[in-house]
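Peer 1: Below: one structure in structure tokens.
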Number of protein chains: 2
Amino acid sequence: MNQRQPEPEHRPSSPRRGKDGDGAERHEAIYRSISDAIIEHRLKPGARLREDALSEVFGVSRTGIRKILQRLALEQLVTLTPRRGASVTRPTADEAKDVFDARQMIECGLMPEVARRITEEDVQELRTMARREREALRAGEQSTAIKLSAAFHARLARISGNATLADFVDRLCSRSSLILAVYGNAGHLGCESHDHDDLIGYLEAGNGERAAAFMSRHLKAIEASLSIVEEADEAPDLHRIFGG
Amino acid sequence: MNQRQPEPEHRPSSPRRGKDGDGAERHEAIYRSISDAIIEHRLKPGARLREDALSEVFGVSRTGIRKILQRLALEQLVTLTPRRGASVTRPTADEAKDVFDARQMIECGLMPEVARRITEEDVQELRTMARREREALRAGEQSTAIKLSAAFHARLARISGNATLADFVDRLCSRSSLILAVYGNAGHLGCESHDHDDLIGYLEAGNGERAAAFMSRHLKAIEASLSIVEEADEAPDLHRIFGG
DNA sequence: AGGTCATCTGGCGTATACAATGAAGGCCAT
DNA sequence: ATGGCCTTCATTGTATACGCCAGATGACCT
């Protein structure tokens with residue numbers, strides 16, 4: 001009944017494996033590993049990602065790593081400088097503003113349709129996600145909380161039925177995680193309190209307008225909690241600093 | 001004469017040029033060549049894009065072609081099926097609806113900010129683009145007109161100053177070109193008449209609300225002009241056809 | 001002593017070669 | 001004659017090897 005794929009043992013240490021279980025799935029797994037590590041801030045903005053180091057860690061050759069890195073670059077999670085390699089993107093203040101403005105427009109605009117389409121099943125799943133997020137936050141697992149928060153917003157957008165916009169929201173949420181890593185204050189993380197639960201309530205009641213307004217405030221609150229101080233590490237302007 | 005050769009540039013007779021002027025720019029040029037060919041409908045949806053054929057045409061090895069193909073796949077201009085190769089994406093009716101809904105939300109939502117930020121210089125450039133588009137349309141150069149129309153919308157979005165949303169609009173416009181290729185009626189192309197000129201007028205007057213409403217109607221008109229008849233070439237449902 | 005230049009090295013970019021897989025066509029059996 | 005199976009081929013996917021450029025370090029000159 002189950003045609004078992006010859007996958008059960010993967011040899012991580014042996015680079016000499018002629019037969020690979022399923023390359024595509026393996027690549028997808030590696031992609032998610034790196035993506036999660038970035039979103040969870042285990043890889044901090046500015047961290048360099050050397051190709052052969054990654055290829056050795058994951059047991060695939062540089063070719064596959066390059067493909068994954070390029071995909072991440074197109075999603076703007078990593079920056080690829082022409083002959084210097086890959087590094088985790090360090091968002092600028094302008095990019096942060098753009099991302100949150102975009103989220104305002106898209107996520108709020110999606111709320112009415114979400115309220116129209118949401119099912120009881122969706123509500124259950126969202127409540128579970130919100131609960132897990134709160135638990136993680138209470139347990140001090142900020143990395144997990146950030147990831148769950150992004151996943152919540154992404155899941156919400158997908159209910160709208162518009163796959164294209166949902167994909168956009170996915171990417172905006174990923175980038176928001178990066179922005180929180182750079183500009184967020186520790187201990188004052190976004191999406192705290194019971195905002196997500198309240199939002200679910202409005203959606204469950206079918207009140208799309210209210211949900212949109214609430215989402216707007218929610219995002220504004222997150223953005224306002226950022227301490228966007230453009231660190232002018234470039235050209236520190238010694239004259240101004242030392243009064244010269 | 002149907003024998004189209006998408007060879008934009010000569011190929012230097014020697015494929016063995018180890019000394020390349022600039023690889024990155026060359027790749028970018030190839031990317032734009034293929035992208036333009038798709039947007040201009042010189043490569044029609046469903047057309048297969050074999051890697052070695054492309055590599056031979058452009059004089060680079062398959063490695064570079066793969067990178068470009070994957071980038072196009074992430075932008076959903078080409079579809080990459082696991083071991084069958086690349087082909088120009090054939091959008092489904094659902095995708096078409098999603099894309100136009102997304103354009104409604106983003107492009108209309110951007111209009112107020114565009115009206116606020118637009119400069120005299122922008123106005124001049126947009127008018128030039130609109131004029132060239134009309135000229136192309138009148139000359140019967142549909143390919144050029146489609147490309148210029150997409151470029152107009154993309155340029156408009158970029159005035160908003162939000163690079164992230166402008167990138168989204170870029171991709172939506174590219175995909176719209178594909179959609180027009182599949183579902184559009186010949187001779188009744190979108191963005192005809194003087195819609196674009198009227199839009200520029202509203203923006204120049206700083207009337208963002210009016211511009212947004214006009215853009216909404218404009219996009220609705222394009223979408224309405226499509227003949228979305230889902231050709232069920234997949235699984236013709238012989239039972240129903242033959243009453244079996 | 002400080003600045004500048006040459007050299008050296010580490011890492012990326014590209015091309016080529018090999019292996020695996022899906023598709024198509026031919027052959028045989030019924 | 002037709003349907004199923006097997007062989008063959010074409011095409012992608014992956015790995016490896018080589019070349020080039022940027023950064024760093026050290027020495028030499030001013």
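Labeling convention for the structure tokens: chains A, B, ... as they appear, residues from 1 per chain, ligands from 1 in order of appearance.
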After fitting chain A to chain B over all Cα atoms matched in order, what RMSD is left?
Peer 2: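 The superposed chains show a C-alpha RMSD of 5.9 Å.
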Peer 1: Output as a tab-separated table one row per residue of chain C within 8 Å of chain B: the closest atom pair and its distance in Å to one decimal place, counting only C-alpha atoms (C1' of nucleotides), sorted by chain and residue number ascending.
Peer 2:
```
residue	atom	partner	partner_atom	distance
C:DT14	C1'	B:Thr63	CA	7.4
C:DA15	C1'	B:Ser61	CA	6.4
C:DT21	C1'	B:Arg83	CA	7.4
C:DG22	C1'	B:Arg83	CA	7.1
```
Peer 1: May I ask you to extract the residues of chain D within 10 Å of chain B, using only C-alpha atoms (C1' of nucleotides), and to give them as a list in words?
Peer 2: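 My answer is DT11, DT12, DG13, DG19 and DC20 of chain D.
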Peer 1: Can you work out which residues from chain B touch chain A at a cut-off of 12 Å (counting only C-alpha atoms) and hand them back as a count of residues only?
Peer 2: 52
Peer 1: Find the residue from C:DG11, C:DA17, C:DA1, C:DA24 that sits nearest to DA10 (chain D); use only C-alpha atoms (C1' of nucleotides) when measuring.
Peer 2: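 Of C:DG11, C:DA17, C:DA1, C:DA24, the one nearest DA10 (chain D) is C:DA24, counting only C-alpha atoms (C1' of nucleotides).
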Peer 1: Please identify the strand (DSSP E or B) residues within region 46-184 of chain B (assignment by DSSP from backbone atoms) and present them as a list in words.
Peer 2: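 Selection result, strand (DSSP E or B) within region 46-184 of chain B: Arg48, Leu49, Val78, Thr79, Leu80, Thr81, Gly85, Ala86, Ser87 and Val88 of chain B.
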Peer 1: I'd like the contact shell of DC28 (chain C) - 10 Å cut-off, only C-alpha atoms (C1' of nucleotides), skipping same-chain residues fewer than 3 positions apart - returned as a PDB file with all heavy atoms, in the first residue's frame.
Peer 2:
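Wrote out_21.pdb, looks like this:
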```
ATOM      1  P    DG D   4      -3.356  -2.384 -21.340  1.00  0.00           P
ATOM      2  OP1  DG D   4      -4.337  -2.560 -20.247  1.00  0.00           O
ATOM      3  OP2  DG D   4      -3.052  -1.030 -21.857  1.00  0.00           O
ATOM      4  O5'  DG D   4      -1.992  -3.076 -20.885  1.00  0.00           O
ATOM      5  C5'  DG D   4      -1.945  -4.498 -20.754  1.00  0.00           C
ATOM      6  C4'  DG D   4      -0.504  -4.972 -20.816  1.00  0.00           C
ATOM      7  O4'  DG D   4       0.005  -4.809 -22.166  1.00  0.00           O
ATOM      8  C3'  DG D   4       0.458  -4.212 -19.894  1.00  0.00           C
ATOM      9  O3'  DG D   4       1.325  -5.126 -19.250  1.00  0.00           O
ATOM     10  C2'  DG D   4       1.216  -3.299 -20.848  1.00  0.00           C
ATOM     11  C1'  DG D   4       1.266  -4.142 -22.110  1.00  0.00           C
ATOM     12  N9   DG D   4       1.406  -3.358 -23.337  1.00  0.00           N
ATOM     13  C8   DG D   4       0.641  -2.278 -23.718  1.00  0.00           C
ATOM     14  N7   DG D   4       0.991  -1.785 -24.873  1.00  0.00           N
ATOM     15  C5   DG D   4       2.049  -2.574 -25.281  1.00  0.00           C
ATOM     16  C6   DG D   4       2.832  -2.503 -26.463  1.00  0.00           C
ATOM     17  O6   DG D   4       2.745  -1.717 -27.405  1.00  0.00           O
ATOM     18  N1   DG D   4       3.812  -3.502 -26.470  1.00  0.00           N
ATOM     19  C2   DG D   4       4.001  -4.431 -25.485  1.00  0.00           C
ATOM     20  N2   DG D   4       4.998  -5.308 -25.670  1.00  0.00           N
ATOM     21  N3   DG D   4       3.276  -4.511 -24.380  1.00  0.00           N
ATOM     22  C4   DG D   4       2.317  -3.548 -24.352  1.00  0.00           C
ATOM     23  P    DC D   5       2.192  -4.625 -18.011  1.00  0.00           P
ATOM     24  OP1  DC D   5       1.918  -5.552 -16.903  1.00  0.00           O
ATOM     25  OP2  DC D   5       1.976  -3.177 -17.831  1.00  0.00           O
ATOM     26  O5'  DC D   5       3.684  -4.847 -18.514  1.00  0.00           O
ATOM     27  C5'  DC D   5       4.049  -6.090 -19.124  1.00  0.00           C
ATOM     28  C4'  DC D   5       5.357  -5.939 -19.886  1.00  0.00           C
ATOM     29  O4'  DC D   5       5.152  -5.171 -21.096  1.00  0.00           O
ATOM     30  C3'  DC D   5       6.478  -5.216 -19.117  1.00  0.00           C
ATOM     31  O3'  DC D   5       7.696  -5.918 -19.291  1.00  0.00           O
ATOM     32  C2'  DC D   5       6.546  -3.848 -19.770  1.00  0.00           C
ATOM     33  C1'  DC D   5       6.161  -4.180 -21.202  1.00  0.00           C
ATOM     34  N1   DC D   5       5.567  -3.029 -21.935  1.00  0.00           N
ATOM     35  C2   DC D   5       6.032  -2.717 -23.224  1.00  0.00           C
ATOM     36  O2   DC D   5       6.932  -3.407 -23.723  1.00  0.00           O
ATOM     37  N3   DC D   5       5.490  -1.667 -23.879  1.00  0.00           N
ATOM     38  C4   DC D   5       4.524  -0.943 -23.317  1.00  0.00           C
ATOM     39  N4   DC D   5       4.014   0.077 -24.003  1.00  0.00           N
ATOM     40  C5   DC D   5       4.036  -1.253 -22.005  1.00  0.00           C
ATOM     41  C6   DC D   5       4.576  -2.294 -21.361  1.00  0.00           C
ATOM     42  P    DC D   6       8.884  -5.722 -18.226  1.00  0.00           P
ATOM     43  OP1  DC D   6       9.083  -6.990 -17.502  1.00  0.00           O
ATOM     44  OP2  DC D   6       8.637  -4.482 -17.474  1.00  0.00           O
ATOM     45  O5'  DC D   6      10.135  -5.496 -19.181  1.00  0.00           O
ATOM     46  C5'  DC D   6      10.197  -6.185 -20.438  1.00  0.00           C
ATOM     47  C4'  DC D   6      10.960  -5.353 -21.458  1.00  0.00           C
ATOM     48  O4'  DC D   6      10.110  -4.335 -22.015  1.00  0.00           O
ATOM     49  C3'  DC D   6      12.181  -4.632 -20.881  1.00  0.00           C
ATOM     50  O3'  DC D   6      13.313  -4.853 -21.710  1.00  0.00           O
ATOM     51  C2'  DC D   6      11.774  -3.170 -20.865  1.00  0.00           C
ATOM     52  C1'  DC D   6      10.812  -3.102 -22.039  1.00  0.00           C
ATOM     53  N1   DC D   6       9.808  -2.014 -21.920  1.00  0.00           N
ATOM     54  C2   DC D   6       9.559  -1.175 -23.027  1.00  0.00           C
ATOM     55  O2   DC D   6      10.169  -1.369 -24.086  1.00  0.00           O
ATOM     56  N3   DC D   6       8.653  -0.178 -22.893  1.00  0.00           N
ATOM     57  C4   DC D   6       8.014  -0.004 -21.734  1.00  0.00           C
ATOM     58  N4   DC D   6       7.121   0.983 -21.656  1.00  0.00           N
ATOM     59  C5   DC D   6       8.264  -0.836 -20.607  1.00  0.00           C
ATOM     60  C6   DC D   6       9.155  -1.819 -20.735  1.00  0.00           C
TER      61       DC D   6
END
```
Peer 1: To one decimal place, how far is C1' of DA22 (chain D) from C1' of DG10 (chain C) in Å?
Peer 2: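 It comes out at 9.6 Å.
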Peer 1: Give me the residues near DG26 (chain D) as number ranges by chain, where near means some atom within 12 Å (using only C-alpha atoms (C1' of nucleotides)) and where sequence neighbours in that chain fewer than 2 positions away do not count.
Peer 2: C: 4-8; D: 24, 28
Peer 1: Residues as selected, all heavy atoms, written as a short mmCIF file (atom, residue, chain, number, x, y, z; two decimals), in the first residue's frame, can you do that?
Peer 2:
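Wrote result.cif, looks like this:
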```cif
data_model
loop_
_atom_site.label_atom_id
_atom_site.label_comp_id
_atom_site.auth_asym_id
_atom_site.auth_seq_id
_atom_site.Cartn_x
_atom_site.Cartn_y
_atom_site.Cartn_z
P DT C 4 47.77 57.10 1.62
OP1 DT C 4 47.30 58.33 0.95
OP2 DT C 4 46.81 56.23 2.33
"O5'" DT C 4 48.56 56.23 0.56
"C5'" DT C 4 49.90 56.61 0.21
"C4'" DT C 4 50.60 55.43 -0.45
"O4'" DT C 4 51.12 54.51 0.56
"C3'" DT C 4 49.70 54.58 -1.36
"O3'" DT C 4 50.38 54.29 -2.56
"C2'" DT C 4 49.45 53.33 -0.54
"C1'" DT C 4 50.75 53.19 0.22
N1 DT C 4 50.63 52.43 1.48
C2 DT C 4 51.59 51.49 1.79
O2 DT C 4 52.55 51.26 1.09
N3 DT C 4 51.40 50.82 2.99
C4 DT C 4 50.34 51.00 3.87
O4 DT C 4 50.27 50.36 4.91
C5 DT C 4 49.37 51.99 3.49
C7 DT C 4 48.19 52.27 4.36
C6 DT C 4 49.54 52.64 2.32
P DC C 5 49.54 53.84 -3.86
OP1 DC C 5 49.70 54.89 -4.88
OP2 DC C 5 48.19 53.41 -3.42
"O5'" DC C 5 50.34 52.54 -4.34
"C5'" DC C 5 51.77 52.51 -4.22
"C4'" DC C 5 52.25 51.07 -4.04
"O4'" DC C 5 52.02 50.65 -2.67
"C3'" DC C 5 51.53 50.04 -4.92
"O3'" DC C 5 52.48 49.15 -5.48
"C2'" DC C 5 50.60 49.33 -3.95
"C1'" DC C 5 51.43 49.37 -2.67
N1 DC C 5 50.61 49.24 -1.43
C2 DC C 5 51.04 48.40 -0.41
O2 DC C 5 52.11 47.77 -0.54
N3 DC C 5 50.29 48.28 0.72
C4 DC C 5 49.15 48.98 0.84
N4 DC C 5 48.45 48.84 1.97
C5 DC C 5 48.70 49.85 -0.20
C6 DC C 5 49.45 49.95 -1.30
P DA C 6 52.13 48.42 -6.85
OP1 DA C 6 52.96 49.02 -7.92
OP2 DA C 6 50.67 48.38 -7.02
"O5'" DA C 6 52.65 46.95 -6.57
"C5'" DA C 6 53.94 46.76 -5.98
"C4'" DA C 6 53.96 45.47 -5.16
"O4'" DA C 6 53.16 45.67 -3.96
"C3'" DA C 6 53.37 44.25 -5.88
"O3'" DA C 6 54.21 43.13 -5.68
"C2'" DA C 6 52.02 44.07 -5.21
"C1'" DA C 6 52.27 44.59 -3.81
N9 DA C 6 51.07 45.10 -3.15
C8 DA C 6 50.18 46.01 -3.65
N7 DA C 6 49.20 46.30 -2.83
C5 DA C 6 49.46 45.52 -1.71
C6 DA C 6 48.78 45.37 -0.48
N6 DA C 6 47.67 46.03 -0.17
N1 DA C 6 49.31 44.52 0.43
C2 DA C 6 50.43 43.87 0.11
N3 DA C 6 51.16 43.92 -1.02
C4 DA C 6 50.62 44.79 -1.89
P DT C 7 54.09 41.87 -6.62
OP1 DT C 7 55.45 41.57 -7.15
OP2 DT C 7 52.96 42.08 -7.54
"O5'" DT C 7 53.71 40.72 -5.59
"C5'" DT C 7 54.38 40.67 -4.32
"C4'" DT C 7 53.51 39.93 -3.30
"O4'" DT C 7 52.42 40.79 -2.86
"C3'" DT C 7 52.84 38.66 -3.84
"O3'" DT C 7 52.99 37.64 -2.88
"C2'" DT C 7 51.39 39.06 -4.00
"C1'" DT C 7 51.24 40.02 -2.83
N1 DT C 7 50.10 40.95 -2.93
C2 DT C 7 49.29 41.11 -1.84
O2 DT C 7 49.46 40.53 -0.79
N3 DT C 7 48.25 42.00 -2.02
C4 DT C 7 47.96 42.72 -3.16
O4 DT C 7 47.00 43.48 -3.20
C5 DT C 7 48.85 42.49 -4.26
C7 DT C 7 48.63 43.23 -5.56
C6 DT C 7 49.86 41.63 -4.10
P DC C 8 52.89 36.10 -3.30
OP1 DC C 8 54.24 35.57 -3.58
OP2 DC C 8 51.83 35.95 -4.31
"O5'" DC C 8 52.36 35.45 -1.92
"C5'" DC C 8 52.16 36.31 -0.79
"C4'" DC C 8 50.82 35.97 -0.14
"O4'" DC C 8 49.85 37.01 -0.44
"C3'" DC C 8 50.18 34.65 -0.61
"O3'" DC C 8 49.69 33.95 0.52
"C2'" DC C 8 49.08 35.10 -1.54
"C1'" DC C 8 48.65 36.41 -0.88
N1 DC C 8 47.97 37.37 -1.80
C2 DC C 8 46.90 38.15 -1.33
O2 DC C 8 46.54 38.02 -0.15
N3 DC C 8 46.30 39.01 -2.18
C4 DC C 8 46.71 39.11 -3.44
N4 DC C 8 46.09 39.98 -4.23
C5 DC C 8 47.79 38.33 -3.94
C6 DC C 8 48.38 37.47 -3.09
P DA D 24 39.17 43.32 5.29
OP1 DA D 24 38.33 43.10 6.47
OP2 DA D 24 39.44 44.71 4.84
"O5'" DA D 24 40.57 42.58 5.51
"C5'" DA D 24 40.61 41.16 5.51
"C4'" DA D 24 42.05 40.68 5.64
"O4'" DA D 24 42.71 40.74 4.35
"C3'" DA D 24 42.91 41.52 6.59
"O3'" DA D 24 43.77 40.68 7.33
"C2'" DA D 24 43.70 42.43 5.65
"C1'" DA D 24 43.88 41.52 4.43
N9 DA D 24 44.02 42.25 3.18
C8 DA D 24 43.27 43.30 2.75
N7 DA D 24 43.62 43.76 1.56
C5 DA D 24 44.68 42.95 1.18
C6 DA D 24 45.49 42.91 0.04
N6 DA D 24 45.35 43.75 -0.99
N1 DA D 24 46.46 41.97 -0.02
C2 DA D 24 46.60 41.13 1.01
N3 DA D 24 45.89 41.07 2.15
C4 DA D 24 44.94 42.02 2.17
P DC D 28 61.14 45.04 2.68
OP1 DC D 28 61.99 44.11 1.92
OP2 DC D 28 61.48 45.39 4.07
"O5'" DC D 28 61.02 46.41 1.85
"C5'" DC D 28 60.24 46.42 0.65
"C4'" DC D 28 59.77 47.83 0.36
"O4'" DC D 28 58.67 48.18 1.24
"C3'" DC D 28 60.84 48.91 0.57
"O3'" DC D 28 60.88 49.77 -0.56
"C2'" DC D 28 60.38 49.67 1.81
"C1'" DC D 28 58.87 49.49 1.73
N1 DC D 28 58.20 49.57 3.05
C2 DC D 28 57.06 50.37 3.22
O2 DC D 28 56.62 51.02 2.26
N3 DC D 28 56.46 50.44 4.44
C4 DC D 28 56.96 49.73 5.46
N4 DC D 28 56.33 49.82 6.63
C5 DC D 28 58.12 48.91 5.32
C6 DC D 28 58.70 48.86 4.12
#
```
Peer 1: One decimal, in Å: what's the spacing between CA of Leu126 (chain A) and CA of Asp197 (chain A)?
Peer 2: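 Spanning CA of Leu126 (chain A) to CA of Asp197 (chain A) is a straight-line distance of 8.4 Å.
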